[in-house]
Amino acid sequence: MHFKRYPAYGQTLHLLLLAGIGLRRAAATASTSVKPIFSRDMNEAKRRLHELCCAWYREVPHPVHSFQLHITVKQEGDKVQEMFTKNAHITDPRVVDFLVIKGKMELEEMIKIWK
């Protein structure tokens, strides 16, 4: 860009660029101090995840029998295991907490036969 033709435009653009740099720095600082959803660290998130997994395995026989599904309890347990291993690569405790919340909602819908 040639700022010599429009000096006022050049000054305004320069100030906007400086403001943008300041905003990026502020955003970078703010992103490091994000509050956790529930878990303070990954170990606590894993504990919550383990509790959810155990709750799912406890509830596996109920829908198989109540809906008279033509699958075995073991097949249903394998499906639950598949659901949990699908997201095994996630290492951010906030994302794990979010997925645990979604998993609890799914479990509640299954228990109350809303789904």
# chains A, B, ... in the order shown; residues from 1 in each chain; ligands from 1
>>> residues_around(residues="segment 81-93 of chain A", least_positions_apart="4", cutoff="12 Å", atoms="only C-alpha atoms", output="PyMOL selection string")
chain A and resi 34-50+52-54+56-57+60+74-77+97-100+103+106
>>> write_last_selection(atoms="N, CA, C and O atoms", output="tab-separated table (two decimals), in the first residue's frame")
chain	number	residue	atom	x	y	z
A	34	VAL	N	-7.77	-19.38	31.39
A	34	VAL	CA	-9.14	-19.85	31.22
A	34	VAL	C	-9.49	-20.74	32.41
A	34	VAL	O	-8.72	-21.60	32.82
A	35	LYS	N	-10.66	-20.51	32.97
A	35	LYS	CA	-11.09	-21.28	34.12
A	35	LYS	C	-11.56	-22.66	33.67
A	35	LYS	O	-12.20	-22.81	32.64
A	36	PRO	N	-11.26	-23.69	34.46
A	36	PRO	CA	-11.73	-25.03	34.12
A	36	PRO	C	-13.23	-25.16	34.31
A	36	PRO	O	-13.83	-24.42	35.10
A	37	ILE	N	-13.83	-26.11	33.61
A	37	ILE	CA	-15.26	-26.36	33.76
A	37	ILE	C	-15.51	-27.02	35.12
A	37	ILE	O	-16.25	-26.51	35.94
A	38	PHE	N	-14.90	-28.16	35.34
A	38	PHE	CA	-15.01	-28.85	36.62
A	38	PHE	C	-13.65	-29.26	37.16
A	38	PHE	O	-13.34	-29.07	38.31
A	39	SER	N	-12.84	-29.83	36.30
A	39	SER	CA	-11.57	-30.42	36.72
A	39	SER	C	-10.45	-29.40	36.70
A	39	SER	O	-10.34	-28.61	35.77
A	40	ARG	N	-9.60	-29.46	37.71
A	40	ARG	CA	-8.45	-28.56	37.76
A	40	ARG	C	-7.29	-29.06	36.91
A	40	ARG	O	-6.49	-28.28	36.44
A	41	ASP	N	-7.19	-30.38	36.76
A	41	ASP	CA	-6.12	-30.95	35.95
A	41	ASP	C	-6.62	-32.21	35.26
A	41	ASP	O	-7.77	-32.62	35.43
A	42	MET	N	-5.75	-32.80	34.46
A	42	MET	CA	-6.16	-33.96	33.66
A	42	MET	C	-6.45	-35.18	34.53
A	42	MET	O	-7.32	-35.98	34.19
A	43	ASN	N	-5.77	-35.33	35.65
A	43	ASN	CA	-6.04	-36.48	36.53
A	43	ASN	C	-7.46	-36.44	37.08
A	43	ASN	O	-8.15	-37.46	37.15
A	44	GLU	N	-7.90	-35.27	37.47
A	44	GLU	CA	-9.27	-35.13	37.97
A	44	GLU	C	-10.29	-35.37	36.85
A	44	GLU	O	-11.33	-35.99	37.06
A	45	ALA	N	-9.97	-34.90	35.64
A	45	ALA	CA	-10.86	-35.13	34.50
A	45	ALA	C	-10.95	-36.62	34.19
A	45	ALA	O	-12.02	-37.14	33.87
A	46	LYS	N	-9.82	-37.32	34.28
A	46	LYS	CA	-9.82	-38.78	34.04
A	46	LYS	C	-10.65	-39.50	35.10
A	46	LYS	O	-11.32	-40.48	34.80
A	47	ARG	N	-10.59	-39.02	36.34
A	47	ARG	CA	-11.40	-39.64	37.40
A	47	ARG	C	-12.89	-39.49	37.09
A	47	ARG	O	-13.66	-40.45	37.21
A	48	ARG	N	-13.29	-38.30	36.66
A	48	ARG	CA	-14.70	-38.08	36.28
A	48	ARG	C	-15.08	-38.95	35.10
A	48	ARG	O	-16.19	-39.49	35.03
A	49	LEU	N	-14.17	-39.08	34.16
A	49	LEU	CA	-14.42	-39.92	32.99
A	49	LEU	C	-14.58	-41.38	33.39
A	49	LEU	O	-15.46	-42.08	32.88
A	50	HIS	N	-13.74	-41.84	34.32
A	50	HIS	CA	-13.83	-43.22	34.79
A	50	HIS	C	-15.16	-43.47	35.50
A	50	HIS	O	-15.79	-44.52	35.31
A	52	LEU	N	-17.98	-41.92	34.90
A	52	LEU	CA	-19.01	-41.98	33.86
A	52	LEU	C	-18.98	-43.33	33.14
A	52	LEU	O	-20.03	-43.92	32.88
A	53	CYS	N	-17.78	-43.81	32.85
A	53	CYS	CA	-17.65	-45.10	32.16
A	53	CYS	C	-18.24	-46.22	33.01
A	53	CYS	O	-18.98	-47.08	32.49
A	54	CYS	N	-17.96	-46.21	34.31
A	54	CYS	CA	-18.52	-47.23	35.20
A	54	CYS	C	-20.05	-47.12	35.26
A	54	CYS	O	-20.75	-48.15	35.27
A	56	TRP	N	-22.01	-46.06	32.87
A	56	TRP	CA	-22.53	-46.61	31.61
A	56	TRP	C	-22.53	-48.13	31.65
A	56	TRP	O	-23.51	-48.76	31.23
A	57	TYR	N	-21.43	-48.74	32.14
A	57	TYR	CA	-21.37	-50.20	32.18
A	57	TYR	C	-22.40	-50.78	33.15
A	57	TYR	O	-22.93	-51.87	32.92
A	60	VAL	N	-25.79	-50.89	31.24
A	60	VAL	CA	-25.86	-51.60	29.96
A	60	VAL	C	-26.96	-52.67	29.93
A	60	VAL	O	-27.72	-52.74	28.96
A	74	LYS	N	-22.90	-58.20	26.13
A	74	LYS	CA	-21.50	-58.01	25.76
A	74	LYS	C	-21.37	-57.12	24.53
A	74	LYS	O	-20.50	-56.25	24.47
A	75	GLN	N	-22.25	-57.29	23.55
A	75	GLN	CA	-22.20	-56.44	22.36
A	75	GLN	C	-22.49	-54.98	22.74
A	75	GLN	O	-21.86	-54.06	22.21
A	76	GLU	N	-23.43	-54.79	23.64
A	76	GLU	CA	-23.74	-53.44	24.11
A	76	GLU	C	-22.54	-52.85	24.87
A	76	GLU	O	-22.20	-51.68	24.71
A	77	GLY	N	-21.88	-53.67	25.68
A	77	GLY	CA	-20.68	-53.20	26.40
A	77	GLY	C	-19.56	-52.84	25.44
A	77	GLY	O	-18.83	-51.87	25.66
A	97	ASP	N	-14.06	-32.56	30.29
A	97	ASP	CA	-15.21	-32.22	31.14
A	97	ASP	C	-16.47	-32.01	30.32
A	97	ASP	O	-17.55	-32.46	30.69
A	98	PHE	N	-16.33	-31.31	29.20
A	98	PHE	CA	-17.48	-31.06	28.33
A	98	PHE	C	-18.05	-32.37	27.80
A	98	PHE	O	-19.27	-32.58	27.80
A	99	LEU	N	-17.17	-33.28	27.38
A	99	LEU	CA	-17.65	-34.58	26.88
A	99	LEU	C	-18.27	-35.42	28.00
A	99	LEU	O	-19.22	-36.16	27.75
A	100	VAL	N	-17.74	-35.30	29.21
A	100	VAL	CA	-18.34	-36.02	30.34
A	100	VAL	C	-19.74	-35.50	30.61
A	100	VAL	O	-20.67	-36.27	30.86
A	103	GLY	N	-21.92	-36.92	28.02
A	103	GLY	CA	-22.12	-38.35	28.30
A	103	GLY	C	-23.12	-38.59	29.41
A	103	GLY	O	-23.93	-39.52	29.35
A	106	GLU	N	-26.57	-38.03	27.99
A	106	GLU	CA	-26.98	-39.20	27.20
A	106	GLU	C	-27.39	-40.36	28.10
A	106	GLU	O	-28.39	-41.04	27.84
>>> residues_around(residues="Met110 of chain A", least_positions_apart="6", cutoff="12 Å", atoms="only C-alpha atoms", output="number ranges by chain")
A: 55-56, 59-64, 66-67, 103-104
>>> write_last_selection(atoms="C-alpha atoms", output="PDB file, in the first residue's frame")
ATOM      1  CA  ALA A  55     -22.037 -45.727  35.278  1.00  0.00           C
ATOM      2  CA  TRP A  56     -22.529 -46.607  31.614  1.00  0.00           C
ATOM      3  CA  GLU A  59     -26.670 -49.438  33.012  1.00  0.00           C
ATOM      4  CA  VAL A  60     -25.864 -51.604  29.960  1.00  0.00           C
ATOM      5  CA  PRO A  61     -28.124 -54.560  30.832  1.00  0.00           C
ATOM      6  CA  HIS A  62     -31.227 -52.425  31.468  1.00  0.00           C
ATOM      7  CA  PRO A  63     -31.924 -51.127  27.934  1.00  0.00           C
ATOM      8  CA  VAL A  64     -31.061 -54.500  26.422  1.00  0.00           C
ATOM      9  CA  SER A  66     -36.323 -53.348  28.655  1.00  0.00           C
ATOM     10  CA  PHE A  67     -36.290 -52.732  24.882  1.00  0.00           C
ATOM     11  CA  GLY A 103     -22.122 -38.348  28.296  1.00  0.00           C
ATOM     12  CA  LYS A 104     -24.050 -37.857  31.537  1.00  0.00           C
TER      13      LYS A 104
END
>>> atom_distance(atom1="atom CA of Ile101 of chain A", atom2="atom CA of Val73 of chain A")
24.4 Å
>>> atom_distance(atom1="atom CA of Trp114 of chain A", atom2="atom CA of Lys102 of chain A")
15.0 Å
